[in-house]
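Below is one structure, written out as structure tokens, with a few remarks after it.
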There are 2 protein chains.
Amino acid sequence: MKKNAIEHTRLLVLSLLVGEDMYGYQMIVELARRSNHTFDMKEGTLYPVLHGLEQEGFVEAYRQEAPSGRERKYYHLTRKGQGALREEKQAWERYAGAVNDVLRGGAEAEPV
Amino acid sequence: MKKNAIEHTRLLVLSLLVGEDMYGYQMIVELARRSNHTFDMKEGTLYPVLHGLEQEGFVEAYRQEAPSGRERKYYHLTRKGQGALREEKQAWERYAGAVNDVLRGGAEAEPV
DNA sequence: TGACATACCTAGTAAGACTATGTATAATAA
DNA sequence: TTATTATACATAGTCTTACTAGGTATGTCA
């Protein structure tokens, strides 16, 4: 079986929580939607990551009952988490830029 | 200790060999240069990857003596390797695009 | 001569994302 | 009514991959 190769998982998870609290299952669905199904994150990936983010104080969890009667565990992005997101974002931009530089043969390569 | 977090290693390694054969040590130096030292690939990462690419027929190795008298092991990108590079490139573009989509809140998010 | 850069290699470790499995409830289909 | 599916959370164990740490060896320069 092939791996989904989702890296930068924390960046993606944190960015989902901007402006809206979400519960785990919802995040999986949303991530798939926003990425046009490039990222089909597995539960076995997401939940441990969420627990880690909570332990570090980047997100806060609270339980809330859905209209259906089911209980859901919502996650809220803390101020500290917003800072972490900013850093992860910068790291991603640097990383992606560097990959593109290498693909083009180096940042200072002669323009075509 | 922190990991360097170089992913898409094969993409980077293959792309270095476009238009020029290189030896391992040179690839590490070149990769650092082209990425403005974002990627300081370790020998323990590179050499196993090169051996894997060779086994799959994506690169071919040959030994050649440098003017200094030292022997170097050069790697050449095969036709098959060029195909693999094309695929890895497309995967990267899809991946990077999807990350950016998620960061923006979804591909079809309303423009600001 | 000693230190450093060059040049290659591999065994073992650590991290991260996965598979597989478990629990449980609500909605829907048969 | 019963079975199946979707929802919802969780974790143990596996696998891949990049890393650390160590080894070997040669050329250059102080």
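In the structure tokens, the first chain shown is A, the next is B, and so on; residue numbers restart at 1 for each chain, and ligands run from 1 in the order shown.
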
- Message: Matching each Cα of chain A to the same-order Cα of chain B and superposing by least squares, what RMSD do you find?
- Response: 0.1 Å

- Item | Interface residues on chain D facing chain A, 10 Å, only C-alpha atoms (C1' of nucleotides), written as a ChimeraX atom specification | /D:7-11,15-16

Restricted to N, CA and C atoms (P, O5', C5', C4', C3', O3' and C1' of nucleotides), what would the selected residues look like written as a PDB file, in the first residue's frame?
```pdb
ATOM      1  P    DT D   7     -20.217  10.900   7.066  1.00  0.00           P
ATOM      2  O5'  DT D   7     -20.217  10.870   8.662  1.00  0.00           O
ATOM      3  C5'  DT D   7     -21.391  11.279   9.351  1.00  0.00           C
ATOM      4  C4'  DT D   7     -21.268  10.957  10.814  1.00  0.00           C
ATOM      5  C3'  DT D   7     -20.176  11.740  11.554  1.00  0.00           C
ATOM      6  O3'  DT D   7     -20.807  12.489  12.573  1.00  0.00           O
ATOM      7  C1'  DT D   7     -20.154   9.459  12.160  1.00  0.00           C
ATOM      8  P    DA D   8     -20.095  13.699  13.265  1.00  0.00           P
ATOM      9  O5'  DA D   8     -18.895  13.041  14.094  1.00  0.00           O
ATOM     10  C5'  DA D   8     -19.075  12.772  15.489  1.00  0.00           C
ATOM     11  C4'  DA D   8     -17.956  11.947  16.056  1.00  0.00           C
ATOM     12  C3'  DA D   8     -16.515  12.417  15.842  1.00  0.00           C
ATOM     13  O3'  DA D   8     -16.148  13.249  16.927  1.00  0.00           O
ATOM     14  C1'  DA D   8     -16.776  10.027  16.012  1.00  0.00           C
ATOM     15  P    DC D   9     -14.645  13.776  17.084  1.00  0.00           P
ATOM     16  O5'  DC D   9     -13.935  12.612  17.903  1.00  0.00           O
ATOM     17  C5'  DC D   9     -14.366  12.336  19.232  1.00  0.00           C
ATOM     18  C4'  DC D   9     -13.685  11.085  19.726  1.00  0.00           C
ATOM     19  C3'  DC D   9     -12.160  11.194  19.803  1.00  0.00           C
ATOM     20  O3'  DC D   9     -11.758  11.289  21.166  1.00  0.00           O
ATOM     21  C1'  DC D   9     -12.906   9.080  18.936  1.00  0.00           C
ATOM     22  P    DA D  10     -10.240  11.543  21.533  1.00  0.00           P
ATOM     23  O5'  DA D  10      -9.613  10.086  21.406  1.00  0.00           O
ATOM     24  C5'  DA D  10     -10.040   9.061  22.303  1.00  0.00           C
ATOM     25  C4'  DA D  10      -9.357   7.765  21.962  1.00  0.00           C
ATOM     26  C3'  DA D  10      -7.846   7.889  21.774  1.00  0.00           C
ATOM     27  O3'  DA D  10      -7.205   7.550  22.993  1.00  0.00           O
ATOM     28  C1'  DA D  10      -8.864   6.350  20.238  1.00  0.00           C
ATOM     29  P    DT D  11      -5.636   7.643  23.140  1.00  0.00           P
ATOM     30  O5'  DT D  11      -5.115   6.223  22.657  1.00  0.00           O
ATOM     31  C5'  DT D  11      -5.698   5.048  23.182  1.00  0.00           C
ATOM     32  C4'  DT D  11      -5.040   3.845  22.536  1.00  0.00           C
ATOM     33  C3'  DT D  11      -3.512   3.934  22.432  1.00  0.00           C
ATOM     34  O3'  DT D  11      -2.985   2.625  22.625  1.00  0.00           O
ATOM     35  C1'  DT D  11      -4.405   3.594  20.307  1.00  0.00           C
ATOM     36  P    DC D  15       5.921  -4.280   9.004  1.00  0.00           P
ATOM     37  O5'  DC D  15       6.178  -3.043   8.047  1.00  0.00           O
ATOM     38  C5'  DC D  15       5.073  -2.215   7.666  1.00  0.00           C
ATOM     39  C4'  DC D  15       5.606  -0.903   7.129  1.00  0.00           C
ATOM     40  C3'  DC D  15       6.992  -0.997   6.504  1.00  0.00           C
ATOM     41  O3'  DC D  15       6.923  -0.308   5.262  1.00  0.00           O
ATOM     42  C1'  DC D  15       6.935   0.734   8.129  1.00  0.00           C
ATOM     43  P    DT D  16       8.152  -0.484   4.196  1.00  0.00           P
ATOM     44  O5'  DT D  16       8.481   1.023   3.839  1.00  0.00           O
ATOM     45  C5'  DT D  16       7.431   1.994   3.884  1.00  0.00           C
ATOM     46  C4'  DT D  16       7.986   3.355   4.196  1.00  0.00           C
ATOM     47  C3'  DT D  16       9.323   3.683   3.521  1.00  0.00           C
ATOM     48  O3'  DT D  16       9.128   4.889   2.825  1.00  0.00           O
ATOM     49  C1'  DT D  16       9.409   4.205   5.832  1.00  0.00           C
TER      50       DT D  16
END
```

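Residues from chain C found within 10 Å of chain B are C:DT6, C:DA7, C:DC8, C:DC9, C:DT10, C:DA14, C:DA15, counting only C-alpha atoms (C1' of nucleotides).
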
- Query: Closest to chain B among A:Asp21, A:Leu50, A:Arg34, A:Ala96, using only C-alpha atoms?
  - Reply: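 Closest residue, counting only C-alpha atoms: A:Arg34.
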
Quick one: residues within 12 Å of DC4 (chain C), only C-alpha atoms (C1' of nucleotides), excluding same-chain residues fewer than 4 positions away - as a PDB file with N, CA and C atoms (P, O5', C5', C4', C3', O3' and C1' of nucleotides), in the first residue's frame?
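Writing done, so here's out_35.pdb:
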```pdb
ATOM      1  P    DG D  27      45.666  10.866  -3.093  1.00  0.00           P
ATOM      2  O5'  DG D  27      45.404  12.412  -2.838  1.00  0.00           O
ATOM      3  C5'  DG D  27      44.322  13.047  -3.514  1.00  0.00           C
ATOM      4  C4'  DG D  27      44.141  14.454  -2.999  1.00  0.00           C
ATOM      5  C3'  DG D  27      45.394  15.335  -3.103  1.00  0.00           C
ATOM      6  O3'  DG D  27      45.001  16.593  -3.647  1.00  0.00           O
ATOM      7  C1'  DG D  27      44.592  15.316  -0.858  1.00  0.00           C
ATOM      8  P    DT D  28      46.097  17.725  -3.915  1.00  0.00           P
ATOM      9  O5'  DT D  28      45.895  18.664  -2.637  1.00  0.00           O
ATOM     10  C5'  DT D  28      44.587  19.194  -2.358  1.00  0.00           C
ATOM     11  C4'  DT D  28      44.673  20.202  -1.218  1.00  0.00           C
ATOM     12  C3'  DT D  28      45.864  21.153  -1.291  1.00  0.00           C
ATOM     13  O3'  DT D  28      45.410  22.447  -0.931  1.00  0.00           O
ATOM     14  C1'  DT D  28      45.873  20.032   0.783  1.00  0.00           C
ATOM     15  P    DC D  29      46.272  23.767  -1.342  1.00  0.00           P
ATOM     16  O5'  DC D  29      46.542  24.394   0.105  1.00  0.00           O
ATOM     17  C5'  DC D  29      45.531  24.301   1.118  1.00  0.00           C
ATOM     18  C4'  DC D  29      46.159  24.460   2.501  1.00  0.00           C
ATOM     19  C3'  DC D  29      47.411  25.347   2.521  1.00  0.00           C
ATOM     20  O3'  DC D  29      47.268  26.284   3.565  1.00  0.00           O
ATOM     21  C1'  DC D  29      47.832  23.314   3.634  1.00  0.00           C
ATOM     22  P    DA D  30      48.212  27.576   3.694  1.00  0.00           P
ATOM     23  O5'  DA D  30      48.527  27.563   5.252  1.00  0.00           O
ATOM     24  C5'  DA D  30      47.483  27.256   6.180  1.00  0.00           C
ATOM     25  C4'  DA D  30      48.082  26.782   7.495  1.00  0.00           C
ATOM     26  C3'  DA D  30      49.282  27.614   7.960  1.00  0.00           C
ATOM     27  O3'  DA D  30      49.188  27.828   9.359  1.00  0.00           O
ATOM     28  C1'  DA D  30      49.937  25.343   7.752  1.00  0.00           C
TER      29       DA D  30
END
```

- Point-to-point distance from CA of Gly105 (chain A) to CA of Gly19 (chain B), Å rounded to tenths: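 Separation between CA of Gly105 (chain A) and CA of Gly19 (chain B): 10.0 Å.
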
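Reported to one decimal place, the separation of CA of Phe58 (chain A) from CA of Thr78 (chain A) is 5.5 Å.
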
- Message: Show me, as number ranges by chain, the residues of chain A whose atoms get within 9 Å of chain B, using only C-alpha atoms for the distance check.
- Response: A: 6-8, 11-12, 15-16, 18, 30-31, 33-39, 89, 94-109

Take the selection from the previous step and output its residues with C-alpha atoms, as a PDB file, in the first residue's frame.
```pdb
ATOM      1  CA  ILE A   6       1.137  14.112   4.076  1.00  0.00           C
ATOM      2  CA  GLU A   7       3.922  16.073   5.610  1.00  0.00           C
ATOM      3  CA  HIS A   8       3.679  19.383   7.336  1.00  0.00           C
ATOM      4  CA  LEU A  11       0.738  23.232   9.647  1.00  0.00           C
ATOM      5  CA  LEU A  12      -2.332  21.857   7.915  1.00  0.00           C
ATOM      6  CA  SER A  15      -4.481  26.237   9.647  1.00  0.00           C
ATOM      7  CA  LEU A  16      -7.841  24.449   9.627  1.00  0.00           C
ATOM      8  CA  VAL A  18      -8.202  29.559  11.948  1.00  0.00           C
ATOM      9  CA  GLU A  30     -12.567  19.702   5.547  1.00  0.00           C
ATOM     10  CA  LEU A  31      -8.942  18.969   4.732  1.00  0.00           C
ATOM     11  CA  ARG A  33     -12.415  19.240   0.596  1.00  0.00           C
ATOM     12  CA  ARG A  34      -9.982  22.151   0.722  1.00  0.00           C
ATOM     13  CA  SER A  35      -7.191  20.130  -0.865  1.00  0.00           C
ATOM     14  CA  ASN A  36      -9.427  18.646  -3.539  1.00  0.00           C
ATOM     15  CA  HIS A  37      -8.745  15.215  -1.984  1.00  0.00           C
ATOM     16  CA  THR A  38      -4.991  15.494  -2.254  1.00  0.00           C
ATOM     17  CA  PHE A  39      -4.919  15.057   1.518  1.00  0.00           C
ATOM     18  CA  LYS A  89       3.774  28.906   7.673  1.00  0.00           C
ATOM     19  CA  ARG A  94      10.972  28.785   2.948  1.00  0.00           C
ATOM     20  CA  TYR A  95      10.843  25.068   2.257  1.00  0.00           C
ATOM     21  CA  ALA A  96       8.628  25.344  -0.817  1.00  0.00           C
ATOM     22  CA  GLY A  97      10.689  28.216  -2.161  1.00  0.00           C
ATOM     23  CA  ALA A  98      13.890  26.254  -1.721  1.00  0.00           C
ATOM     24  CA  VAL A  99      12.471  23.217  -3.523  1.00  0.00           C
ATOM     25  CA  ASN A 100      11.420  25.422  -6.433  1.00  0.00           C
ATOM     26  CA  ASP A 101      14.848  27.053  -6.455  1.00  0.00           C
ATOM     27  CA  VAL A 102      16.520  23.663  -6.709  1.00  0.00           C
ATOM     28  CA  LEU A 103      14.132  22.558  -9.449  1.00  0.00           C
ATOM     29  CA  ARG A 104      14.994  25.689 -11.395  1.00  0.00           C
ATOM     30  CA  GLY A 105      18.694  24.996 -10.957  1.00  0.00           C
ATOM     31  CA  GLY A 106      19.427  27.432  -8.159  1.00  0.00           C
ATOM     32  CA  ALA A 107      18.036  30.714  -6.875  1.00  0.00           C
ATOM     33  CA  GLU A 108      20.436  32.823  -8.896  1.00  0.00           C
ATOM     34  CA  ALA A 109      20.157  30.819 -12.095  1.00  0.00           C
TER      35      ALA A 109
END
```

- Query: Rounded to one decimal in Å, what is the spacing between C1' of DA17 (chain C) and CA of Thr45 (chain A)?
  - Reply: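 Atom-to-atom, C1' of DA17 (chain C) and CA of Thr45 (chain A) are spaced 5.9 Å apart.
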
- Message: Among chain B, which residues does DSSP mark as strand (DSSP E or B) when it is run on the backbone? Keep the chain and numbering as in the structure and answer as a list in words.
- Response: Met22, Tyr23, Val59, Glu60, Ala61, Tyr62, Arg63, Gln64, Glu65, Glu71, Arg72, Lys73, Tyr74, Tyr75, His76 and Leu77 of chain B
